[in-house]
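As stored in model_4.cif (mmCIF, C-alpha atoms):
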```
data_my_file
#
loop_
_atom_site.group_PDB
_atom_site.id
_atom_site.type_symbol
_atom_site.label_atom_id
_atom_site.label_comp_id
_atom_site.auth_asym_id
_atom_site.auth_seq_id
_atom_site.Cartn_x
_atom_site.Cartn_y
_atom_site.Cartn_z
ATOM 1 C CA MET A 12 -52.832 41.083 -2.437
ATOM 2 C CA PHE A 13 -50.918 37.929 -3.379
ATOM 3 C CA ALA A 14 -51.446 36.645 -6.922
ATOM 4 C CA ALA A 15 -50.019 33.439 -8.370
ATOM 5 C CA ASP A 16 -49.069 33.250 -12.035
ATOM 6 C CA ALA A 17 -51.321 31.318 -14.420
ATOM 7 C CA LYS A 18 -48.655 28.728 -15.270
ATOM 8 C CA THR A 19 -48.212 27.729 -11.635
ATOM 9 C CA LEU A 20 -51.966 27.632 -11.056
ATOM 10 C CA ASN A 21 -52.323 25.208 -13.964
ATOM 11 C CA ARG A 22 -49.630 22.965 -12.502
ATOM 12 C CA ILE A 23 -51.200 22.777 -9.042
ATOM 13 C CA GLU A 24 -54.765 22.402 -10.348
ATOM 14 C CA PRO A 25 -54.942 18.569 -10.082
ATOM 15 C CA VAL A 26 -54.121 18.769 -6.364
ATOM 16 C CA VAL A 27 -56.352 21.716 -5.447
ATOM 17 C CA ARG A 28 -59.329 20.630 -7.556
ATOM 18 C CA ARG A 29 -61.051 19.075 -4.502
ATOM 19 C CA VAL A 30 -60.142 20.409 -1.059
ATOM 20 C CA LEU A 31 -61.303 19.288 2.375
ATOM 21 C CA ILE A 32 -60.949 21.695 5.318
ATOM 22 C CA ALA A 33 -61.229 20.491 8.925
ATOM 23 C CA ASP A 34 -61.484 23.585 11.109
ATOM 24 C CA PRO A 35 -63.859 24.331 14.020
ATOM 25 C CA ASN A 36 -63.429 28.084 13.493
ATOM 26 C CA MET A 37 -65.996 29.111 10.890
ATOM 27 C CA ALA A 38 -64.307 32.417 10.061
ATOM 28 C CA SER A 39 -60.946 30.737 9.571
ATOM 29 C CA ALA A 40 -62.490 27.981 7.455
ATOM 30 C CA ARG A 41 -64.298 30.532 5.296
ATOM 31 C CA LEU A 42 -61.115 32.529 4.723
ATOM 32 C CA LEU A 43 -59.250 29.401 3.688
ATOM 33 C CA LEU A 44 -62.118 28.379 1.410
ATOM 34 C CA ASP A 45 -62.007 31.741 -0.358
ATOM 35 C CA ILE A 46 -58.243 31.568 -0.832
ATOM 36 C CA MET A 47 -58.404 28.039 -2.229
ATOM 37 C CA LYS A 48 -61.163 29.075 -4.627
ATOM 38 C CA SER A 49 -58.888 31.846 -5.858
ATOM 39 C CA LEU A 50 -56.176 29.231 -6.457
ATOM 40 C CA GLY A 51 -58.471 27.184 -8.677
ATOM 41 C CA ALA A 52 -60.288 24.830 -6.301
ATOM 42 C CA ARG A 53 -63.569 23.641 -7.801
ATOM 43 C CA GLU A 54 -64.976 21.800 -4.803
ATOM 44 C CA VAL A 55 -64.214 22.834 -1.219
ATOM 45 C CA VAL A 56 -65.881 21.247 1.804
ATOM 46 C CA THR A 57 -65.482 22.564 5.347
ATOM 47 C CA GLU A 58 -66.186 20.512 8.455
ATOM 48 C CA SER A 59 -65.531 20.835 12.193
ATOM 49 C CA ASP A 60 -66.337 17.306 13.373
ATOM 50 C CA GLU A 61 -63.589 14.720 12.990
ATOM 51 C CA SER A 62 -65.883 11.770 12.231
ATOM 52 C CA ARG A 63 -67.688 13.694 9.517
ATOM 53 C CA VAL A 64 -64.363 14.796 8.047
ATOM 54 C CA LEU A 65 -63.605 11.115 7.424
ATOM 55 C CA ASP A 66 -67.027 10.654 5.822
ATOM 56 C CA HIS A 67 -66.370 13.592 3.494
ATOM 57 C CA ALA A 68 -62.911 12.231 2.689
ATOM 58 C CA ARG A 69 -64.485 8.951 1.634
ATOM 59 C CA GLU A 70 -67.139 10.598 -0.498
ATOM 60 C CA MET A 71 -65.215 13.378 -2.254
ATOM 61 C CA GLU A 72 -61.681 11.900 -2.430
ATOM 62 C CA PRO A 73 -59.913 15.234 -1.869
ATOM 63 C CA GLY A 74 -56.579 15.976 -3.478
ATOM 64 C CA LEU A 75 -55.622 18.243 -0.574
ATOM 65 C CA ILE A 76 -56.634 18.283 3.088
ATOM 66 C CA PHE A 77 -56.254 21.073 5.637
ATOM 67 C CA THR A 78 -56.725 20.477 9.339
ATOM 68 C CA GLU A 79 -56.603 22.595 12.442
ATOM 69 C CA ARG A 80 -54.510 20.972 15.173
ATOM 70 C CA ASN A 81 -57.357 20.730 17.666
ATOM 71 C CA GLY A 82 -60.934 21.673 18.407
ATOM 72 C CA ALA A 83 -63.956 20.618 20.422
ATOM 73 C CA ARG A 84 -64.582 17.613 18.152
ATOM 74 C CA LEU A 85 -61.316 17.546 16.247
ATOM 75 C CA ASP A 86 -57.822 16.213 16.868
ATOM 76 C CA GLY A 87 -55.725 16.986 13.802
ATOM 77 C CA GLU A 88 -52.975 14.494 14.580
ATOM 78 C CA ARG A 89 -55.448 11.693 15.208
ATOM 79 C CA LEU A 90 -57.309 12.609 12.015
ATOM 80 C CA ALA A 91 -54.111 12.441 9.965
ATOM 81 C CA LYS A 92 -53.190 9.052 11.408
ATOM 82 C CA SER A 93 -56.693 7.735 10.736
ATOM 83 C CA ILE A 94 -56.489 8.807 7.100
ATOM 84 C CA ARG A 95 -52.981 7.443 6.598
ATOM 85 C CA ARG A 96 -53.886 4.030 8.051
ATOM 86 C CA SER A 97 -57.244 3.753 6.297
ATOM 87 C CA ASN A 98 -58.283 2.239 2.979
ATOM 88 C CA LEU A 99 -59.504 5.610 1.732
ATOM 89 C CA ALA A 100 -58.573 6.541 -1.830
ATOM 90 C CA CYS A 101 -57.155 9.799 -0.444
ATOM 91 C CA ARG A 102 -54.951 8.197 2.236
ATOM 92 C CA ARG A 103 -51.824 9.604 0.576
ATOM 93 C CA ALA A 104 -53.271 13.042 -0.148
ATOM 94 C CA PRO A 105 -51.180 15.966 1.123
ATOM 95 C CA ILE A 106 -52.294 17.191 4.553
ATOM 96 C CA ILE A 107 -51.432 20.674 5.796
ATOM 97 C CA MET A 108 -51.883 21.391 9.494
ATOM 98 C CA MET A 109 -52.754 24.897 10.703
ATOM 99 C CA THR A 110 -52.488 26.168 14.255
ATOM 100 C CA ALA A 111 -51.577 29.189 16.355
ATOM 101 C CA ASP A 112 -49.896 26.768 18.777
ATOM 102 C CA ALA A 113 -46.692 26.397 16.781
ATOM 103 C CA THR A 114 -44.475 24.882 19.477
ATOM 104 C CA ALA A 115 -41.689 22.352 19.007
ATOM 105 C CA THR A 116 -44.000 19.685 20.428
ATOM 106 C CA SER A 117 -46.874 20.464 18.051
ATOM 107 C CA ILE A 118 -44.571 20.596 15.035
ATOM 108 C CA LYS A 119 -42.997 17.242 15.909
ATOM 109 C CA GLY A 120 -46.442 15.761 16.571
ATOM 110 C CA ALA A 121 -47.649 16.891 13.150
ATOM 111 C CA ARG A 122 -44.601 15.476 11.421
ATOM 112 C CA ASP A 123 -44.939 12.110 13.147
ATOM 113 C CA ALA A 124 -48.672 11.932 12.371
ATOM 114 C CA GLY A 125 -47.986 11.988 8.627
ATOM 115 C CA ILE A 126 -48.637 15.681 7.981
ATOM 116 C CA HIS A 127 -46.965 17.122 4.883
ATOM 117 C CA GLU A 128 -46.693 20.766 5.919
ATOM 118 C CA PHE A 129 -47.223 22.929 8.993
ATOM 119 C CA LEU A 130 -48.739 26.405 8.761
ATOM 120 C CA ARG A 131 -48.706 28.857 11.636
ATOM 121 C CA LYS A 132 -51.765 31.052 12.231
ATOM 122 C CA PRO A 133 -52.247 33.829 11.403
ATOM 123 C CA PHE A 134 -50.871 33.301 7.899
ATOM 124 C CA THR A 135 -50.814 35.311 4.684
ATOM 125 C CA SER A 136 -51.996 34.183 1.277
ATOM 126 C CA ALA A 137 -48.359 33.940 0.247
ATOM 127 C CA ASP A 138 -47.559 31.688 3.237
ATOM 128 C CA LEU A 139 -50.427 29.401 2.294
ATOM 129 C CA PHE A 140 -49.513 29.322 -1.373
ATOM 130 C CA ARG A 141 -45.927 28.298 -0.600
ATOM 131 C CA ARG A 142 -47.213 25.272 1.306
ATOM 132 C CA VAL A 143 -49.701 24.349 -1.417
ATOM 133 C CA GLU A 144 -47.092 24.755 -4.145
ATOM 134 C CA ASN A 145 -44.674 22.627 -2.163
ATOM 135 C CA VAL A 146 -47.029 19.666 -1.690
ATOM 136 C CA ALA A 147 -48.306 19.896 -5.271
ATOM 137 C CA LEU A 148 -45.024 20.314 -7.138
ATOM 138 C CA LYS A 149 -42.386 18.782 -4.866
ATOM 139 C CA PRO A 150 -43.660 15.279 -4.075
ATOM 140 C CA ARG A 151 -41.953 13.453 -1.221
ATOM 141 C CA ASP A 152 -41.181 9.761 -0.994
ATOM 142 C CA TRP A 153 -43.932 7.785 0.715
ATOM 143 C CA ILE A 154 -43.056 5.706 3.781
ATOM 144 C CA GLU A 155 -45.318 2.693 4.315
ATOM 145 C CA ALA A 156 -44.187 1.203 7.621
ATOM 146 C CA VAL A 157 -45.974 0.107 10.801
ATOM 147 C CA GLY A 158 -44.742 2.684 13.286
ATOM 148 C CA TYR A 159 -45.100 5.476 10.723
ATOM 149 C CA VAL A 160 -47.190 5.991 7.580
ATOM 150 C CA GLY A 161 -46.809 9.161 5.538
ATOM 151 C CA PRO A 162 -44.401 11.330 3.549
ATOM 152 C CA ASP A 163 -40.666 11.125 4.218
ATOM 153 C CA ARG A 164 -40.198 13.065 7.456
ATOM 154 C CA ARG A 165 -36.702 14.220 6.510
ATOM 155 C CA ARG A 166 -38.231 16.829 4.205
ATOM 156 C CA PHE A 167 -40.964 18.078 6.555
ATOM 157 C CA ASN A 168 -41.836 21.715 5.706
ATOM 158 C CA SER A 169 -39.034 21.570 3.149
ATOM 159 C CA GLY A 170 -40.383 24.614 1.344
ATOM 160 C CA GLU A 171 -39.031 26.748 4.169
ATOM 161 C CA TYR A 172 -35.529 25.221 4.095
ATOM 162 C CA ALA A 173 -32.952 25.951 1.399
ATOM 163 C CA GLY A 174 -29.728 25.093 3.227
ATOM 164 C CA PRO A 175 -27.553 21.987 3.123
ATOM 165 C CA GLN A 176 -28.885 18.551 3.973
ATOM 166 C CA LYS A 177 -28.562 17.672 7.657
ATOM 167 C CA ARG A 178 -27.673 14.010 7.105
ATOM 168 C CA LYS A 179 -25.304 12.390 4.635
ATOM 169 C CA ALA A 180 -28.009 9.830 3.898
ATOM 170 C CA ASP A 181 -30.507 12.515 2.881
ATOM 171 C CA LYS A 182 -29.100 12.706 -0.630
ATOM 172 C CA PRO A 183 -26.795 9.917 -1.815
ATOM 173 C CA THR A 184 -24.209 11.216 -4.261
ATOM 174 C CA THR A 185 -24.108 8.138 -6.529
ATOM 175 C CA ALA A 186 -26.644 5.848 -8.159
ATOM 176 C CA ALA A 187 -25.196 2.915 -6.237
ATOM 177 C CA GLY A 188 -25.500 4.853 -2.985
ATOM 178 C CA ALA A 189 -29.112 5.749 -3.754
ATOM 179 C CA ALA A 190 -29.971 2.125 -4.528
ATOM 180 C CA LEU A 191 -28.325 0.971 -1.317
ATOM 181 C CA ALA A 192 -30.298 3.540 0.685
ATOM 182 C CA VAL A 193 -33.590 2.348 -0.856
ATOM 183 C CA LYS A 194 -32.733 -1.279 -0.137
ATOM 184 C CA ASP A 195 -31.639 -0.553 3.424
ATOM 185 C CA GLN A 196 -34.840 1.332 4.238
ATOM 186 C CA ALA A 197 -37.022 -1.396 2.725
ATOM 187 C CA LEU A 198 -35.227 -4.076 4.728
ATOM 188 C CA ARG A 199 -35.608 -2.080 7.923
ATOM 189 C CA ILE A 200 -39.334 -1.697 7.330
ATOM 190 C CA LEU A 201 -39.718 -5.401 6.553
ATOM 191 C CA ALA A 202 -37.945 -6.384 9.765
ATOM 192 C CA ALA A 203 -40.017 -3.931 11.811
ATOM 193 C CA SER A 204 -43.257 -5.034 10.130
ATOM 194 C CA LEU A 205 -42.628 -8.625 11.130
ATOM 195 C CA ALA A 206 -41.637 -7.654 14.682
ATOM 196 C CA GLN A 207 -44.708 -5.418 15.110
ATOM 197 C CA PHE A 208 -47.144 -7.610 13.175
ATOM 198 C CA ASP A 209 -49.326 -8.440 16.171
ATOM 199 C CA ASN A 210 -49.794 -4.746 17.032
ATOM 200 C CA ASP A 211 -51.370 -3.832 13.695
ATOM 201 C CA PRO A 212 -51.688 -6.798 11.282
ATOM 202 C CA MET A 213 -53.475 -4.850 8.528
ATOM 203 C CA GLN A 214 -50.850 -2.106 8.390
ATOM 204 C CA ALA A 215 -48.024 -4.624 8.713
ATOM 205 C CA VAL A 216 -49.269 -6.503 5.642
ATOM 206 C CA ARG A 217 -49.680 -3.241 3.743
ATOM 207 C CA ALA A 218 -46.136 -2.236 4.641
ATOM 208 C CA VAL A 219 -44.762 -5.617 3.581
ATOM 209 C CA LYS A 220 -46.549 -5.394 0.221
ATOM 210 C CA GLN A 221 -45.096 -1.960 -0.427
ATOM 211 C CA GLN A 222 -41.560 -3.098 0.379
ATOM 212 C CA ALA A 223 -41.940 -6.198 -1.812
ATOM 213 C CA GLU A 224 -42.878 -3.942 -4.736
ATOM 214 C CA THR A 225 -40.034 -1.550 -3.974
ATOM 215 C CA LEU A 226 -37.434 -4.302 -3.760
ATOM 216 C CA LYS A 227 -38.691 -6.026 -6.924
ATOM 217 C CA ALA A 228 -38.378 -2.769 -8.870
ATOM 218 C CA LEU A 229 -34.937 -2.150 -7.367
ATOM 219 C CA ALA A 230 -33.795 -5.683 -8.277
ATOM 220 C CA ILE A 231 -34.828 -5.141 -11.898
ATOM 221 C CA LYS A 232 -33.140 -1.752 -12.021
ATOM 222 C CA THR A 233 -29.867 -3.033 -10.547
ATOM 223 C CA SER A 234 -29.945 -6.490 -12.190
ATOM 224 C CA ASP A 235 -29.840 -8.170 -8.783
ATOM 225 C CA ALA A 236 -31.082 -11.701 -9.508
ATOM 226 C CA ARG A 237 -30.962 -12.884 -5.888
ATOM 227 C CA LEU A 238 -33.025 -9.956 -4.686
ATOM 228 C CA ALA A 239 -35.479 -10.413 -7.555
ATOM 229 C CA VAL A 240 -36.048 -14.057 -6.624
ATOM 230 C CA ALA A 241 -36.466 -13.229 -2.928
ATOM 231 C CA ALA A 242 -38.872 -10.350 -3.631
ATOM 232 C CA ALA A 243 -40.910 -12.576 -5.955
ATOM 233 C CA GLY A 244 -41.096 -15.184 -3.209
ATOM 234 C CA LEU A 245 -42.490 -12.604 -0.797
ATOM 235 C CA GLU A 246 -45.049 -11.415 -3.337
ATOM 236 C CA GLY A 247 -46.091 -15.018 -3.904
ATOM 237 C CA CYS A 248 -46.618 -15.500 -0.179
ATOM 238 C CA LEU A 249 -48.732 -12.352 -0.012
ATOM 239 C CA ALA A 250 -50.901 -13.572 -2.891
ATOM 240 C CA ILE A 251 -51.841 -16.825 -1.152
ATOM 241 C CA GLY A 252 -54.725 -16.260 1.254
ATOM 242 C CA ALA A 253 -54.471 -13.975 4.287
ATOM 243 C CA PRO A 254 -50.807 -13.565 5.276
ATOM 244 C CA THR A 255 -49.846 -14.208 8.893
ATOM 245 C CA LYS A 256 -46.708 -13.496 10.865
ATOM 246 C CA ALA A 257 -45.776 -17.160 10.591
ATOM 247 C CA THR A 258 -46.220 -17.379 6.818
ATOM 248 C CA LEU A 259 -44.329 -14.132 6.231
ATOM 249 C CA ALA A 260 -41.373 -15.004 8.443
ATOM 250 C CA GLY A 261 -39.714 -17.271 5.880
ATOM 251 C CA PRO A 262 -39.824 -15.053 2.770
ATOM 252 C CA ILE A 263 -38.961 -11.935 4.780
ATOM 253 C CA GLY A 264 -36.063 -13.786 6.376
ATOM 254 C CA ALA A 265 -34.808 -14.743 2.913
ATOM 255 C CA ILE A 266 -34.732 -11.085 1.912
ATOM 256 C CA LEU A 267 -33.095 -9.933 5.146
ATOM 257 C CA ALA A 268 -30.386 -12.517 4.566
ATOM 258 C CA LEU A 269 -29.324 -10.460 1.545
ATOM 259 C CA ALA A 270 -28.480 -7.451 3.713
ATOM 260 C CA GLU A 271 -24.945 -6.209 4.131
ATOM 261 C CA PRO A 272 -23.143 -7.951 7.016
ATOM 262 C CA GLY A 273 -23.680 -6.251 10.361
ATOM 263 C CA THR A 274 -26.816 -4.353 9.298
ATOM 264 C CA GLU A 275 -29.356 -3.814 12.082
ATOM 265 C CA PHE A 276 -33.113 -3.632 11.514
ATOM 266 C CA ALA A 277 -34.290 -2.417 14.894
ATOM 267 C CA ARG A 278 -36.718 0.254 13.692
ATOM 268 C CA ALA A 279 -38.973 1.157 10.809
ATOM 269 C CA GLY A 280 -38.213 3.904 8.300
#
```
Here is the file; what I need is its structure written in the form of structure tokens.
Amino acid sequence: MFAADAKTLNRIEPVVRRVLIADPNMASARLLLDIMKSLGAREVVTESDESRVLDHAREMEPGLIFTERNGARLDGERLAKSIRRSNLACRRAPIIMMTADATATSIKGARDAGIHEFLRKPFTSADLFRRVENVALKPRDWIEAVGYVGPDRRRFNSGEYAGPQKRKADKPTTAAGAALAVKDQALRILAASLAQFDNDPMQAVRAVKQQAETLKALAIKTSDARLAVAAAGLEGCLAIGAPTKATLAGPIGAILALAEPGTEFARAG
């Protein structure tokens, strides 16, 4: 029987304190409930109906969510997207998807829905604990865009990968390189948010707000006065009434003008 050490259990406790399980299989849900209780969960709620899962998420504000990929009244990918694009307090909570249908398509679908980790059924207690430990102790950057909302997809199921990074941009080697990568991603998301504003105005505004905060912090850190002024201008625009595509175009354009020559902003992060 798998047993985690007390020190690790104490470290993951804030995340596993309240757990929400969306699984139409009662036996599977019960097994997961028992395992999570053994890992220190104080409140665990199981549910098979997608709409009621959202109600529970609103009421209990879980620190960790598990979902089966599909069921009679459950679509795990749709559930994850609904949570990520909601105003729920738990919208950024780690989500772990479980399924016996672990195909390339299902794994990619989970990643693009904003899932943190993917767990193939049947799984052992050790398999489950590795995923829980990963989401609790190895936080991933949050991407607040329009086309995608969720944890950085470049580290999807990163607990199972210990090899070299696949892209040079995954881990900049200098502070200047890291700052440039943050700025570039924020500018890409801003450009995409403006271009896709009409498709999802609420999420576009949320994405713009996040990038304004990110760029303001980056400007302070790097002593970039021009970027600081431009980011402040965008925040000021956001603070005046309900932002529209027209009112955001100017301040976003001022920020994009600070990009490196030749930079393209065709897609979100």
Inset, instruction - Could you tell me how far atom CA of A:Ala265 lies from atom CA of A:Val160, in Å and to one decimal? - result: 24.6 Å
Between stretch 16-51 of chain A and stretch 94-114 of chain A, at 10 Å or less, what are the per-residue closest atom pairs and their distances in Å? Count only C-alpha atoms, order by chain and rising residue number, and return it as a tab-separated table.
```
residue	atom	partner	partner_atom	distance
A:Val26	CA	A:Ala104	CA	8.5
A:Leu31	CA	A:Ile106	CA	9.5
A:Ile32	CA	A:Ile107	CA	9.6
A:Ala33	CA	A:Met108	CA	9.4
A:Asp34	CA	A:Met109	CA	8.8
```
Who sits within 7 Å of stretch 239-248 of chain A, only C-alpha atoms, same chain under 3 positions skipped, as a tab-separated table (two decimals) with C-alpha atoms, in the frame of the given file:
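Ended up saving to part-v4.tsv:
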```tsv
chain	number	residue	atom	x	y	z
A	223	ALA	CA	-41.94	-6.20	-1.81
A	226	LEU	CA	-37.43	-4.30	-3.76
A	227	LYS	CA	-38.69	-6.03	-6.92
A	230	ALA	CA	-33.80	-5.68	-8.28
A	231	ILE	CA	-34.83	-5.14	-11.90
A	235	ASP	CA	-29.84	-8.17	-8.78
A	236	ALA	CA	-31.08	-11.70	-9.51
A	251	ILE	CA	-51.84	-16.82	-1.15
A	259	LEU	CA	-44.33	-14.13	6.23
A	262	PRO	CA	-39.82	-15.05	2.77
A	263	ILE	CA	-38.96	-11.94	4.78
A	265	ALA	CA	-34.81	-14.74	2.91
A	266	ILE	CA	-34.73	-11.08	1.91
```
Inset, instruction - Report as a PyMOL selection string the residues that result from applying the PyMOL selection byres ((chain A and resi 73-75) around 12) to the structure here. - result: chain A and resi 23-33+47+52-57+64-72+76-78+94+99-108+126-128+142-147
Legend entry - Straight-line distance linking atom CA of A:Ala115 with atom CA of A:Ser39, stated in Å to one decimal: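 A separation of 23.0 Å between them.
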Legend entry - Interatomic distance, atom CA of A:Asp211 to atom CA of A:Glu58 (Å, one decimal):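 One can read the atom CA of A:Asp211 to atom CA of A:Glu58 distance as 29.0 Å.
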Inset, instruction - Determine the nearest neighbour of A:Gly188 from the options A:Pro133, A:Ser93, A:Thr233, A:Asp45, counting only C-alpha atoms. - result: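 Among the listed residues, A:Thr233 lies closest to A:Gly188.
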Find the residues near stretch 215-222 of chain A: any atom within 7 Å, counting all atoms listed in the file, skip ones fewer than 5 places away on the same chain, and give them as a compact mmCIF listing (two decimals) with C-alpha atoms, in the frame of the given file.
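Output (out-v3.txt):
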```txt
# COMPACT_ATOMS: atom_id res chain seq x y z
CA GLU A 155 -45.32 2.69 4.32
CA ALA A 156 -44.19 1.20 7.62
CA VAL A 157 -45.97 0.11 10.80
CA ALA A 197 -37.02 -1.40 2.72
CA LEU A 201 -39.72 -5.40 6.55
CA SER A 204 -43.26 -5.03 10.13
CA PHE A 208 -47.14 -7.61 13.18
```
Inset, instruction - Write out as a list of chain:residue names which residues come within 7 Å of A:Glu61 when counting all atoms listed in the file, dropping same-chain ones fewer than 4 positions away. - result: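 Everything that qualifies: A:Leu65, A:Arg84, A:Leu85, A:Leu90.
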Inset, instruction - Might you pull out every residue within 8 Å of A:Ala15, with only C-alpha atoms counted and same-chain residues fewer than 4 positions away left off, and present them as number ranges by chain? - result: A: 19-20, 50
Please define a box with edges along x, y and z of the file around all atoms of stretch 213-231 of chain A given in the file, extend it by 3 Å on each side, and return its centre and edge lengths in Å to one decimal, as lines of an AutoDock Vina configuration file.
```
center_x = -43.6
center_y = -4.0
center_z = -1.6
size_x = 25.7
size_y = 11.0
size_z = 26.6
```
